[in-house]
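**Q** So I've got this file, coords.cif, and it contains mmCIF, C-alpha atoms:
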data_upload
#
loop_
_atom_site.group_PDB
_atom_site.id
_atom_site.type_symbol
_atom_site.label_atom_id
_atom_site.label_comp_id
_atom_site.auth_asym_id
_atom_site.auth_seq_id
_atom_site.Cartn_x
_atom_site.Cartn_y
_atom_site.Cartn_z
ATOM 1 C CA MET A 1447 -2.520 43.704 34.691
ATOM 2 C CA VAL A 1448 0.124 41.056 35.359
ATOM 3 C CA ILE A 1449 -2.564 38.392 35.423
ATOM 4 C CA ASP A 1450 -4.051 39.725 32.191
ATOM 5 C CA MET A 1451 -0.686 39.654 30.447
ATOM 6 C CA ARG A 1452 0.024 36.124 31.635
ATOM 7 C CA PHE A 1453 -3.359 35.012 30.391
ATOM 8 C CA THR A 1454 -2.708 36.659 27.028
ATOM 9 C CA VAL A 1455 0.637 34.893 26.663
ATOM 10 C CA ILE A 1456 -0.903 31.531 27.566
ATOM 11 C CA LEU A 1457 -3.858 32.077 25.245
ATOM 12 C CA VAL A 1458 -1.693 33.054 22.285
ATOM 13 C CA SER A 1459 0.584 30.058 22.856
ATOM 14 C CA LEU A 1460 -2.449 27.770 22.836
ATOM 15 C CA ILE A 1461 -4.130 29.170 19.742
ATOM 16 C CA PHE A 1462 -0.966 29.945 17.767
ATOM 17 C CA PRO A 1463 -1.237 26.646 15.831
ATOM 18 C CA ILE A 1464 -4.915 27.394 15.171
ATOM 19 C CA LEU A 1465 -4.259 30.883 13.838
ATOM 20 C CA SER A 1466 -1.491 29.556 11.658
ATOM 21 C CA GLY A 1467 -4.386 28.289 9.581
ATOM 22 C CA ILE A 1468 -2.332 25.591 7.944
ATOM 23 C CA SER A 1469 0.551 23.629 9.347
ATOM 24 C CA PHE A 1470 4.076 23.959 7.987
ATOM 25 C CA ALA A 1471 3.705 20.578 6.330
ATOM 26 C CA GLN A 1472 0.441 21.680 4.800
ATOM 27 C CA GLU A 1473 2.054 24.819 3.400
ATOM 28 C CA LYS A 1474 4.644 22.640 1.685
ATOM 29 C CA ILE A 1475 1.813 20.792 -0.027
ATOM 30 C CA ILE A 1476 0.011 23.805 -1.448
ATOM 31 C CA SER A 1477 2.690 26.462 -1.874
ATOM 32 C CA LYS A 1478 3.629 25.370 -5.383
ATOM 33 C CA THR A 1479 0.223 24.010 -6.374
ATOM 34 C CA ASN A 1480 -2.130 25.526 -8.920
ATOM 35 C CA THR A 1481 -5.869 25.231 -8.493
ATOM 36 C CA PHE A 1482 -7.116 21.948 -9.902
ATOM 37 C CA TYR A 1483 -10.499 23.281 -11.029
ATOM 38 C CA THR A 1484 -8.944 25.700 -13.522
ATOM 39 C CA SER A 1485 -6.659 23.195 -15.218
ATOM 40 C CA ASN A 1486 -7.924 19.666 -14.463
ATOM 41 C CA ASP A 1487 -4.266 18.703 -14.488
ATOM 42 C CA LEU A 1488 -4.217 15.237 -12.929
ATOM 43 C CA GLN A 1489 -0.622 15.721 -11.852
ATOM 44 C CA ILE A 1490 -1.769 18.380 -9.376
ATOM 45 C CA TYR A 1491 -3.864 16.032 -7.267
ATOM 46 C CA LYS A 1492 -1.261 13.279 -7.640
ATOM 47 C CA ASN A 1493 1.434 15.581 -6.266
ATOM 48 C CA ILE A 1494 -0.775 16.635 -3.359
ATOM 49 C CA LEU A 1495 -1.628 13.029 -2.587
ATOM 50 C CA HIS A 1496 2.009 11.943 -2.751
ATOM 51 C CA LYS A 1497 3.154 14.682 -0.376
ATOM 52 C CA PHE A 1498 0.338 13.852 2.021
ATOM 53 C CA GLU A 1499 1.377 10.197 1.964
ATOM 54 C CA VAL A 1500 4.913 11.272 2.888
ATOM 55 C CA ILE A 1501 3.468 13.205 5.839
ATOM 56 C CA GLY A 1502 1.420 10.133 6.747
ATOM 57 C CA GLU A 1503 4.543 8.013 7.049
ATOM 58 C CA LYS A 1504 5.505 10.091 10.094
ATOM 59 C CA HIS A 1505 2.198 9.503 11.882
ATOM 60 C CA THR A 1506 0.737 6.520 13.655
ATOM 61 C CA TYR A 1507 -2.909 6.049 12.767
ATOM 62 C CA ASP A 1508 -5.436 5.540 15.526
ATOM 63 C CA LYS A 1509 -9.178 6.002 15.741
ATOM 64 C CA SER A 1510 -8.898 9.285 17.660
ATOM 65 C CA TYR A 1511 -6.724 11.112 15.109
ATOM 66 C CA ASN A 1512 -8.676 14.136 13.868
ATOM 67 C CA TYR A 1513 -6.407 15.517 11.109
ATOM 68 C CA SER A 1514 -6.906 19.052 12.442
ATOM 69 C CA ASN A 1515 -3.584 20.186 10.951
ATOM 70 C CA HIS A 1516 -4.519 18.877 7.518
ATOM 71 C CA GLN A 1517 -7.843 20.537 6.814
ATOM 72 C CA TRP A 1518 -6.810 21.965 3.441
ATOM 73 C CA THR A 1519 -5.974 18.482 2.151
ATOM 74 C CA ILE A 1520 -9.176 17.030 3.616
ATOM 75 C CA GLY A 1521 -11.142 19.778 1.880
ATOM 76 C CA PHE A 1522 -9.296 19.251 -1.394
ATOM 77 C CA LEU A 1523 -9.875 15.491 -1.335
ATOM 78 C CA SER A 1524 -13.520 16.016 -0.386
ATOM 79 C CA GLY A 1525 -13.987 18.296 -3.368
ATOM 80 C CA ILE A 1526 -12.295 15.807 -5.684
ATOM 81 C CA PHE A 1527 -14.394 12.928 -4.334
ATOM 82 C CA LYS A 1528 -17.603 14.914 -4.730
ATOM 83 C CA LYS A 1529 -17.073 16.338 -8.212
ATOM 84 C CA TYR A 1530 -14.939 13.731 -9.979
ATOM 85 C CA PRO A 1531 -16.236 10.149 -9.471
ATOM 86 C CA LYS A 1532 -13.640 8.571 -11.773
ATOM 87 C CA ILE A 1533 -10.747 10.162 -9.911
ATOM 88 C CA ARG A 1534 -12.392 9.203 -6.616
ATOM 89 C CA LYS A 1535 -12.467 5.568 -7.665
ATOM 90 C CA GLU A 1536 -8.818 5.683 -8.704
ATOM 91 C CA ILE A 1537 -7.747 7.244 -5.399
ATOM 92 C CA LEU A 1538 -9.762 4.896 -3.194
ATOM 93 C CA ASN A 1539 -8.310 1.861 -4.947
ATOM 94 C CA LYS A 1540 -4.798 2.936 -3.972
ATOM 95 C CA SER A 1541 -2.845 0.880 -1.494
ATOM 96 C CA THR A 1542 -1.777 3.342 1.170
ATOM 97 C CA SER A 1543 -1.189 3.793 4.900
ATOM 98 C CA LYS A 1544 -3.869 3.686 7.578
ATOM 99 C CA PHE A 1545 -3.249 7.373 8.209
ATOM 100 C CA VAL A 1546 -4.105 8.269 4.618
ATOM 101 C CA GLN A 1547 -7.028 5.840 4.565
ATOM 102 C CA GLY A 1548 -8.427 7.641 7.589
ATOM 103 C CA ALA A 1549 -8.166 10.929 5.692
ATOM 104 C CA PHE A 1550 -9.955 9.360 2.714
ATOM 105 C CA LEU A 1551 -12.771 8.264 5.007
ATOM 106 C CA ILE A 1552 -13.237 11.725 6.507
ATOM 107 C CA SER A 1553 -13.120 13.230 3.014
ATOM 108 C CA LEU A 1554 -15.870 10.907 1.803
ATOM 109 C CA TYR A 1555 -18.000 11.995 4.721
ATOM 110 C CA ARG A 1556 -17.274 15.673 4.048
ATOM 111 C CA ALA A 1557 -18.192 15.051 0.405
ATOM 112 C CA ASN A 1558 -21.555 13.756 1.647
ATOM 113 C CA ILE A 1559 -21.163 10.315 0.075
ATOM 114 C CA PRO A 1560 -22.158 8.120 3.048
ATOM 115 C CA ASN A 1561 -22.640 4.926 1.047
ATOM 116 C CA GLU A 1562 -19.133 5.167 -0.376
ATOM 117 C CA ALA A 1563 -17.764 5.996 3.060
ATOM 118 C CA GLU A 1564 -19.466 3.016 4.652
ATOM 119 C CA LYS A 1565 -18.211 0.740 1.915
ATOM 120 C CA TYR A 1566 -14.653 2.047 2.219
ATOM 121 C CA ALA A 1567 -14.668 1.780 6.002
ATOM 122 C CA ALA A 1568 -15.954 -1.779 5.980
ATOM 123 C CA SER A 1569 -12.546 -3.108 4.943
ATOM 124 C CA ASN A 1570 -10.448 -2.076 7.958
ATOM 125 C CA LEU A 1571 -11.639 1.261 9.320
ATOM 126 C CA SER A 1572 -15.103 0.320 10.525
ATOM 127 C CA GLU A 1573 -14.473 1.381 14.130
ATOM 128 C CA LYS A 1574 -13.460 4.872 13.071
ATOM 129 C CA TRP A 1575 -16.411 5.086 10.682
ATOM 130 C CA SER A 1576 -18.755 4.195 13.536
ATOM 131 C CA ASN A 1577 -17.334 7.088 15.540
ATOM 132 C CA TYR A 1578 -17.857 9.556 12.684
ATOM 133 C CA TYR A 1579 -21.356 8.284 12.065
ATOM 134 C CA LYS A 1580 -22.274 8.949 15.696
ATOM 135 C CA THR A 1581 -20.781 12.437 15.781
ATOM 136 C CA ARG A 1582 -22.074 13.301 12.287
ATOM 137 C CA ILE A 1583 -19.359 15.383 10.718
ATOM 138 C CA LEU A 1584 -20.813 18.184 8.613
ATOM 139 C CA SER A 1585 -20.606 18.024 4.839
ATOM 140 C CA LEU A 1586 -18.688 20.736 2.976
ATOM 141 C CA GLU A 1587 -21.860 22.656 2.157
ATOM 142 C CA GLU A 1588 -22.879 22.679 5.814
ATOM 143 C CA VAL A 1589 -19.572 24.006 7.161
ATOM 144 C CA ILE A 1590 -19.854 27.675 8.120
ATOM 145 C CA PRO A 1591 -16.727 28.555 10.125
ATOM 146 C CA ARG A 1592 -17.665 30.158 13.429
ATOM 147 C CA ASP A 1593 -15.128 29.415 16.156
ATOM 148 C CA THR A 1594 -12.762 26.993 14.411
ATOM 149 C CA PRO A 1595 -10.274 28.901 12.213
ATOM 150 C CA SER A 1596 -9.014 25.748 10.468
ATOM 151 C CA GLU A 1597 -12.436 25.230 8.880
ATOM 152 C CA ASN A 1598 -11.484 28.061 6.543
ATOM 153 C CA ASP A 1599 -8.699 25.830 5.217
ATOM 154 C CA LEU A 1600 -11.168 22.999 4.712
ATOM 155 C CA LEU A 1601 -13.331 25.200 2.494
ATOM 156 C CA LEU A 1602 -10.363 26.713 0.653
ATOM 157 C CA GLY A 1603 -9.103 23.231 -0.169
ATOM 158 C CA ALA A 1604 -12.517 22.267 -1.499
ATOM 159 C CA PHE A 1605 -12.627 25.461 -3.568
ATOM 160 C CA ALA A 1606 -9.180 24.728 -5.025
ATOM 161 C CA ALA A 1607 -10.488 21.354 -6.185
ATOM 162 C CA THR A 1608 -13.875 22.417 -7.527
ATOM 163 C CA GLY A 1609 -14.151 26.193 -7.876
ATOM 164 C CA THR A 1610 -17.501 26.034 -6.064
ATOM 165 C CA LYS A 1611 -18.361 29.588 -4.991
ATOM 166 C CA GLN A 1612 -20.500 28.500 -2.051
ATOM 167 C CA TYR A 1613 -17.452 27.373 -0.102
ATOM 168 C CA ILE A 1614 -16.063 30.918 -0.167
ATOM 169 C CA TYR A 1615 -19.462 32.406 0.661
ATOM 170 C CA ASN A 1616 -19.594 30.102 3.689
ATOM 171 C CA MET A 1617 -16.248 31.494 4.858
ATOM 172 C CA LEU A 1618 -17.645 35.015 4.601
ATOM 173 C CA TYR A 1619 -21.071 34.208 6.054
ATOM 174 C CA TYR A 1620 -20.676 36.161 9.291
ATOM 175 C CA PHE A 1621 -19.493 39.276 7.490
ATOM 176 C CA GLU A 1622 -23.122 39.705 6.478
ATOM 177 C CA LYS A 1623 -24.527 38.800 9.890
ATOM 178 C CA GLU A 1624 -22.356 40.433 12.554
ATOM 179 C CA ASN A 1625 -22.395 44.051 13.695
ATOM 180 C CA ILE A 1626 -20.122 46.642 12.112
ATOM 181 C CA GLU A 1627 -17.778 46.789 15.096
ATOM 182 C CA LYS A 1628 -17.008 43.069 15.061
ATOM 183 C CA ILE A 1629 -16.668 43.073 11.271
ATOM 184 C CA THR A 1630 -14.154 45.918 11.526
ATOM 185 C CA ASP A 1631 -12.178 44.106 14.226
ATOM 186 C CA ALA A 1632 -12.207 40.879 12.197
ATOM 187 C CA ILE A 1633 -10.858 42.678 9.142
ATOM 188 C CA LYS A 1634 -8.185 44.231 11.357
ATOM 189 C CA VAL A 1635 -7.260 40.735 12.602
ATOM 190 C CA GLY A 1636 -7.014 39.409 9.046
ATOM 191 C CA LEU A 1637 -4.769 42.249 7.917
ATOM 192 C CA LEU A 1638 -2.550 41.919 10.999
ATOM 193 C CA ILE A 1639 -2.090 38.182 10.399
ATOM 194 C CA GLU A 1640 -1.363 38.891 6.745
ATOM 195 C CA LYS A 1641 1.314 41.408 7.687
ATOM 196 C CA PHE A 1642 2.868 39.988 10.868
ATOM 197 C CA GLY A 1643 1.823 36.330 11.045
ATOM 198 C CA PRO A 1644 -0.318 34.567 13.676
ATOM 199 C CA GLU A 1645 1.110 36.653 16.542
ATOM 200 C CA MET A 1646 -0.417 39.767 14.899
ATOM 201 C CA THR A 1647 2.462 41.926 16.151
ATOM 202 C CA PRO A 1648 5.837 43.024 14.740
ATOM 203 C CA LYS A 1649 8.649 40.686 15.740
ATOM 204 C CA LYS A 1650 11.068 43.536 16.458
ATOM 205 C CA GLY A 1651 10.718 46.826 18.261
ATOM 206 C CA TYR A 1652 8.674 47.731 21.305
ATOM 207 C CA LYS A 1653 6.104 45.253 22.606
ATOM 208 C CA THR A 1654 2.677 46.126 21.243
ATOM 209 C CA LYS A 1655 -0.687 45.760 23.006
ATOM 210 C CA ILE A 1656 -2.777 44.619 20.044
ATOM 211 C CA THR A 1657 -3.272 40.992 21.079
ATOM 212 C CA SER A 1658 -4.068 42.005 24.658
ATOM 213 C CA ALA A 1659 -6.651 44.469 23.361
ATOM 214 C CA PHE A 1660 -8.486 41.747 21.433
ATOM 215 C CA VAL A 1661 -8.317 39.384 24.412
ATOM 216 C CA LYS A 1662 -9.777 42.023 26.730
ATOM 217 C CA LYS A 1663 -12.434 43.347 24.368
ATOM 218 C CA TYR A 1664 -13.808 39.913 23.550
ATOM 219 C CA ASN A 1665 -13.557 38.647 27.124
ATOM 220 C CA ALA A 1666 -11.441 35.653 26.133
ATOM 221 C CA LYS A 1667 -10.973 34.663 29.775
ATOM 222 C CA ASN A 1668 -14.649 33.901 30.240
ATOM 223 C CA ASP A 1669 -15.890 33.465 26.675
ATOM 224 C CA ILE A 1670 -13.218 31.840 24.546
ATOM 225 C CA LYS A 1671 -15.712 31.039 21.778
ATOM 226 C CA SER A 1672 -16.477 34.719 21.262
ATOM 227 C CA TYR A 1673 -12.768 35.399 20.874
ATOM 228 C CA LEU A 1674 -12.285 32.438 18.533
ATOM 229 C CA HIS A 1675 -15.271 33.612 16.495
ATOM 230 C CA LEU A 1676 -13.450 36.887 15.883
ATOM 231 C CA MET A 1677 -10.226 35.054 15.030
ATOM 232 C CA THR A 1678 -12.070 32.690 12.678
ATOM 233 C CA MET A 1679 -13.547 35.631 10.788
ATOM 234 C CA GLY A 1680 -10.125 37.266 10.649
ATOM 235 C CA VAL A 1681 -8.466 34.098 9.354
ATOM 236 C CA ALA A 1682 -11.096 33.948 6.591
ATOM 237 C CA ILE A 1683 -10.052 37.407 5.374
ATOM 238 C CA TRP A 1684 -6.357 36.574 5.606
ATOM 239 C CA SER A 1685 -6.770 33.195 3.874
ATOM 240 C CA ILE A 1686 -8.806 34.553 0.984
ATOM 241 C CA ARG A 1687 -6.564 37.576 0.429
ATOM 242 C CA SER A 1688 -3.445 35.388 0.538
ATOM 243 C CA ASN A 1689 -4.788 32.754 -1.843
ATOM 244 C CA MET A 1690 -6.343 35.160 -4.331
ATOM 245 C CA LYS A 1691 -2.842 36.341 -5.225
ATOM 246 C CA LYS A 1692 -2.507 33.009 -7.051
ATOM 247 C CA ASP A 1693 -6.133 32.616 -8.161
ATOM 248 C CA ASP A 1694 -7.783 35.320 -10.283
ATOM 249 C CA ASN A 1695 -11.192 33.664 -9.982
ATOM 250 C CA LEU A 1696 -11.004 33.797 -6.202
ATOM 251 C CA LYS A 1697 -9.915 37.432 -6.390
ATOM 252 C CA LYS A 1698 -12.911 38.331 -8.560
ATOM 253 C CA LEU A 1699 -15.240 36.372 -6.297
ATOM 254 C CA PHE A 1700 -14.000 38.263 -3.239
ATOM 255 C CA GLU A 1701 -14.171 41.631 -4.984
ATOM 256 C CA ASP A 1702 -17.736 40.915 -6.135
ATOM 257 C CA PHE A 1703 -18.688 39.988 -2.578
ATOM 258 C CA LEU A 1704 -17.242 43.271 -1.303
ATOM 259 C CA SER A 1705 -19.038 45.277 -3.982
ATOM 260 C CA LYS A 1706 -22.416 43.836 -3.031
ATOM 261 C CA ASN A 1707 -21.973 44.826 0.613
ATOM 262 C CA LYS A 1708 -21.996 48.584 1.163
ATOM 263 C CA ILE A 1709 -19.988 48.485 4.406
ATOM 264 C CA LEU A 1710 -17.277 45.879 3.777
ATOM 265 C CA LYS A 1711 -15.403 47.604 0.983
ATOM 266 C CA PRO A 1712 -14.963 50.971 2.762
ATOM 267 C CA ILE A 1713 -14.042 49.222 6.024
ATOM 268 C CA LEU A 1714 -11.397 47.103 4.305
ATOM 269 C CA LYS A 1715 -9.972 50.113 2.475
ATOM 270 C CA SER A 1716 -9.884 52.171 5.671
ATOM 271 C CA GLU A 1717 -8.229 49.410 7.708
ATOM 272 C CA ILE A 1718 -5.592 48.803 5.020
ATOM 273 C CA ASN A 1719 -4.687 52.497 5.109
ATOM 274 C CA TYR A 1720 -4.782 52.593 8.905
ATOM 275 C CA LEU A 1721 -2.423 49.615 9.164
ATOM 276 C CA SER A 1722 -0.035 51.213 6.660
ATOM 277 C CA ASN A 1723 0.056 54.383 8.766
ATOM 278 C CA TYR A 1724 0.534 52.307 11.907
ATOM 279 C CA ILE A 1725 3.569 50.575 10.419
ATOM 280 C CA VAL A 1726 5.117 53.928 9.468
ATOM 281 C CA ASP A 1727 4.483 55.245 12.985
ATOM 282 C CA PHE A 1728 5.853 52.032 14.505
ATOM 283 C CA ILE A 1729 9.113 52.353 12.588
ATOM 284 C CA GLY A 1730 9.332 56.036 13.452
ATOM 285 C CA TYR A 1731 8.682 55.482 17.143
ATOM 286 C CA ASN A 1732 11.329 52.773 17.432
ATOM 287 C CA ALA A 1733 13.832 55.209 15.953
ATOM 288 C CA THR A 1734 12.821 58.395 17.809
ATOM 289 C CA LYS A 1735 10.689 57.398 20.841
ATOM 290 C CA SER A 1736 8.418 60.310 19.935
ATOM 291 C CA ASN A 1737 5.469 60.809 22.310
ATOM 292 C CA ILE A 1738 3.296 61.941 19.417
ATOM 293 C CA LEU A 1739 3.973 58.733 17.509
ATOM 294 C CA LYS A 1740 3.397 56.686 20.671
ATOM 295 C CA LYS A 1741 -0.057 58.228 21.073
ATOM 296 C CA SER A 1742 -0.812 57.355 17.464
ATOM 297 C CA LEU A 1743 0.281 53.757 18.083
ATOM 298 C CA ASP A 1744 -1.839 53.599 21.234
ATOM 299 C CA ARG A 1745 -4.935 54.652 19.297
ATOM 300 C CA TYR A 1746 -4.479 51.836 16.793
ATOM 301 C CA GLU A 1747 -3.660 49.288 19.485
ATOM 302 C CA SER A 1748 -6.797 50.248 21.401
ATOM 303 C CA LEU A 1749 -8.695 48.943 18.324
ATOM 304 C CA GLU A 1750 -9.840 52.389 17.317
ATOM 305 C CA THR A 1751 -11.141 52.762 13.774
ATOM 306 C CA GLN A 1752 -10.736 55.746 11.465
ATOM 307 C CA ILE A 1753 -13.897 55.158 9.482
ATOM 308 C CA ASN A 1754 -17.039 57.240 10.035
ATOM 309 C CA PHE A 1755 -19.821 54.667 9.966
ATOM 310 C CA ASN A 1756 -22.460 57.382 9.684
ATOM 311 C CA LYS A 1757 -21.153 58.201 6.211
ATOM 312 C CA ILE A 1758 -21.364 54.640 4.897
#
The structure given in the file should be rewritten as structure tokens.
**A**
Amino acid sequence: MVIDMRFTVILVSLIFPILSGISFAQEKIISKTNTFYTSNDLQIYKNILHKFEVIGEKHTYDKSYNYSNHQWTIGFLSGIFKKYPKIRKEILNKSTSKFVQGAFLISLYRANIPNEAEKYAASNLSEKWSNYYKTRILSLEEVIPRDTPSENDLLLGAFAATGTKQYIYNMLYYFEKENIEKITDAIKVGLLIEKFGPEMTPKKGYKTKITSAFVKKYNAKNDIKSYLHLMTMGVAIWSIRSNMKKDDNLKKLFEDFLSKNKILKPILKSEINYLSNYIVDFIGYNATKSNILKKSLDRYESLETQINFNKI
């Protein structure tokens, strides 16, 4: 058990930045930003670009930089480049840092405009372009997040720029492919992140076993991709639910998706209620140390579900 707990602590410390979905700097970019596709307000993309340039001033560009903490911006720029040629031309003609130029290049590739990318790279980023050409980065339409949680941010950024429904459907792809048990666990992950943050546990009170339960169930020691697949699905739920509070179109899109799938809506409803009850029991246990409440907490933390799948 000691070894398991140590492994859990190490694993969480390693993937904490991944489960954060977007970096702190990235949050500062989008927190006060409306979706571009609903307003076509040019000031929106200009503000995003300016703040990204400020971030870029703190980084040294080199050919190995992968922009993994800036996927929302890459997705947003990719969407802009793909859907709005005039704006793309204006942006690419800007004089900016190598760091930002590298992001432009990746965004052109994600937008599936290889000729433009090759032309842009020819000036002073040809070595990096050669690397991307060899590895063949997927275009936005091809990205279906499986074991890389930050790819959800890429697609959300693209959706914010264009309103293209397919990007959201790609985020939810595995909710139509996986078994009910994994779908339920992924929804639980998303709700836990939404409530408690990337650690998925309350910051105060007794130490919960939720994270350890996920690590054990999905054999993270020997199959990290299986575990990250679960986390990626969970981050998709969290990301969509968080962003739809500011985007009615995204909210409707998600609700329509749930309505068309006979199992997702009841699972989500059940897990929301179960988490609410868990929080009440958690508060009560910390105050009373009741054995009855502890047993209730243990059931939730063992990843038990309250839904009767036979009735769905």
**Q** Which of these residues is nearest to Ile1713 in chain A, using all atoms listed in the file: A:Leu1676, A:Gly1730, A:Glu1627, A:Glu1640?
**A**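 Using all atoms listed in the file, Ile1713 in chain A sits closest to A:Glu1627.
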**Q** List as a ChimeraX atom specification the protein and nucleic acid residues near Asp1599 in chain A, meaning an atom at most 9 Å away when all atoms listed in the file are counted, but skip any in the same chain fewer than 4 places from it.
**A** /A:1467-1468,1516-1521,1595,1603-1604,1682,1685
**Q** Pick the closest to Leu1538 in chain A from A:Glu1499, A:Asp1631, A:Glu1562, A:Glu1747: which is it, counting only C-alpha atoms?
**A**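 Among the listed residues, A:Glu1562 lies closest to Leu1538 in chain A.
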**Q** Please, what distance in Å, to one decimal, runs between CA of Lys1634 in chain A and CA of Asn1719 in chain A?
**A** 10.9 Å
**Q** Need the shell around Ala1557 in chain A: protein/DNA/RNA residues with any atom at most 7 Å away, counting only C-alpha atoms. Skip same-chain ones fewer than 3 positions apart. Format as a short mmCIF file (atom, residue, chain, number, x, y, z; two decimals) with C-alpha atoms, in the coordinates of the input?
**A**
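Output saved as around-v9.cif:
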data_model
loop_
_atom_site.label_atom_id
_atom_site.label_comp_id
_atom_site.auth_asym_id
_atom_site.auth_seq_id
_atom_site.Cartn_x
_atom_site.Cartn_y
_atom_site.Cartn_z
CA SER A 1524 -13.52 16.02 -0.39
CA GLY A 1525 -13.99 18.30 -3.37
CA PHE A 1527 -14.39 12.93 -4.33
CA LYS A 1528 -17.60 14.91 -4.73
CA SER A 1553 -13.12 13.23 3.01
CA LEU A 1554 -15.87 10.91 1.80
CA SER A 1585 -20.61 18.02 4.84
CA LEU A 1586 -18.69 20.74 2.98
#
**Q** Which residues, named as in the file, does the PyMOL selection byres ((chain A and resi 1495) around 10) pick out? Answer as a PDB file with C-alpha atoms, in the coordinates of the input.
**A**
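See selection.pdb below for the written result:
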ATOM      1  CA  ILE A1475       1.813  20.792  -0.027  1.00  0.00           C
ATOM      2  CA  GLN A1489      -0.622  15.721 -11.852  1.00  0.00           C
ATOM      3  CA  ILE A1490      -1.769  18.380  -9.376  1.00  0.00           C
ATOM      4  CA  TYR A1491      -3.864  16.032  -7.267  1.00  0.00           C
ATOM      5  CA  LYS A1492      -1.261  13.279  -7.640  1.00  0.00           C
ATOM      6  CA  ASN A1493       1.434  15.581  -6.266  1.00  0.00           C
ATOM      7  CA  ILE A1494      -0.775  16.635  -3.359  1.00  0.00           C
ATOM      8  CA  HIS A1496       2.009  11.943  -2.751  1.00  0.00           C
ATOM      9  CA  LYS A1497       3.154  14.682  -0.376  1.00  0.00           C
ATOM     10  CA  PHE A1498       0.338  13.852   2.021  1.00  0.00           C
ATOM     11  CA  GLU A1499       1.377  10.197   1.964  1.00  0.00           C
ATOM     12  CA  VAL A1500       4.913  11.272   2.888  1.00  0.00           C
ATOM     13  CA  ILE A1501       3.468  13.205   5.839  1.00  0.00           C
ATOM     14  CA  THR A1519      -5.974  18.482   2.151  1.00  0.00           C
ATOM     15  CA  PHE A1522      -9.296  19.251  -1.394  1.00  0.00           C
ATOM     16  CA  LEU A1523      -9.875  15.491  -1.335  1.00  0.00           C
ATOM     17  CA  ILE A1537      -7.747   7.244  -5.399  1.00  0.00           C
ATOM     18  CA  VAL A1546      -4.105   8.269   4.618  1.00  0.00           C
TER      19      VAL A1546
END
**Q** Could you tell me how far CA of Arg1582 in chain A sits from CA of Arg1556 in chain A, in Å to one decimal place?
**A**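 Between CA of Arg1556 in chain A and CA of Arg1582 in chain A the gap works out to 9.8 Å.
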**Q** Any idea what the distance is between CA of Ile1718 in chain A and CA of Ile1633 in chain A?
**A** 9.1 Å
**Q** Exactly which residues make up the result of the PyMOL selection byres ((chain A and resi 1681) around 10) on this file, given as a PyMOL selection string?
**A** chain A and resi 1464-1467+1591+1594-1599+1617+1632-1633+1635-1640+1644+1675-1680+1682-1687
**Q** What's the 12 Å shell around range 1691-1695 of chain A, counting all atoms listed in the file, without same-chain residues fewer than 2 positions away, as an MDAnalysis selection string?
**A** chainID A and resid 1476:1485 1602 1605:1606 1608:1611 1614 1684:1689 1697:1702
**Q** For those residues, write C-alpha atoms to a file as an mmCIF file, in the coordinates of the input.
**A**
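For reference, again_7.cif as written:
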data_model
loop_
_atom_site.group_PDB
_atom_site.id
_atom_site.type_symbol
_atom_site.label_atom_id
_atom_site.label_comp_id
_atom_site.auth_asym_id
_atom_site.auth_seq_id
_atom_site.Cartn_x
_atom_site.Cartn_y
_atom_site.Cartn_z
ATOM 1 C CA ILE A 1476 0.011 23.805 -1.448
ATOM 2 C CA SER A 1477 2.690 26.462 -1.874
ATOM 3 C CA LYS A 1478 3.629 25.370 -5.383
ATOM 4 C CA THR A 1479 0.223 24.010 -6.374
ATOM 5 C CA ASN A 1480 -2.130 25.526 -8.920
ATOM 6 C CA THR A 1481 -5.869 25.231 -8.493
ATOM 7 C CA PHE A 1482 -7.116 21.948 -9.902
ATOM 8 C CA TYR A 1483 -10.499 23.281 -11.029
ATOM 9 C CA THR A 1484 -8.944 25.700 -13.522
ATOM 10 C CA SER A 1485 -6.659 23.195 -15.218
ATOM 11 C CA LEU A 1602 -10.363 26.713 0.653
ATOM 12 C CA PHE A 1605 -12.627 25.461 -3.568
ATOM 13 C CA ALA A 1606 -9.180 24.728 -5.025
ATOM 14 C CA THR A 1608 -13.875 22.417 -7.527
ATOM 15 C CA GLY A 1609 -14.151 26.193 -7.876
ATOM 16 C CA THR A 1610 -17.501 26.034 -6.064
ATOM 17 C CA LYS A 1611 -18.361 29.588 -4.991
ATOM 18 C CA ILE A 1614 -16.063 30.918 -0.167
ATOM 19 C CA TRP A 1684 -6.357 36.574 5.606
ATOM 20 C CA SER A 1685 -6.770 33.195 3.874
ATOM 21 C CA ILE A 1686 -8.806 34.553 0.984
ATOM 22 C CA ARG A 1687 -6.564 37.576 0.429
ATOM 23 C CA SER A 1688 -3.445 35.388 0.538
ATOM 24 C CA ASN A 1689 -4.788 32.754 -1.843
ATOM 25 C CA LYS A 1697 -9.915 37.432 -6.390
ATOM 26 C CA LYS A 1698 -12.911 38.331 -8.560
ATOM 27 C CA LEU A 1699 -15.240 36.372 -6.297
ATOM 28 C CA PHE A 1700 -14.000 38.263 -3.239
ATOM 29 C CA GLU A 1701 -14.171 41.631 -4.984
ATOM 30 C CA ASP A 1702 -17.736 40.915 -6.135
#
**Q** When you look at Leu1584 in chain A with a cut-off of 9 Å (counting all atoms listed in the file), what residues show up, excluding the ones that are within fewer than 5 positions of it in the same chain? I need them as a PyMOL selection string.
**A** chain A and resi 1555-1556+1558+1589
**Q** Please evaluate the PyMOL selection byres ((chain A and resi 1672) around 12) against the displayed coordinates and give the resulting residues as number ranges by chain.
**A** A: 1592-1594, 1624, 1628, 1632, 1660-1671, 1673-1679
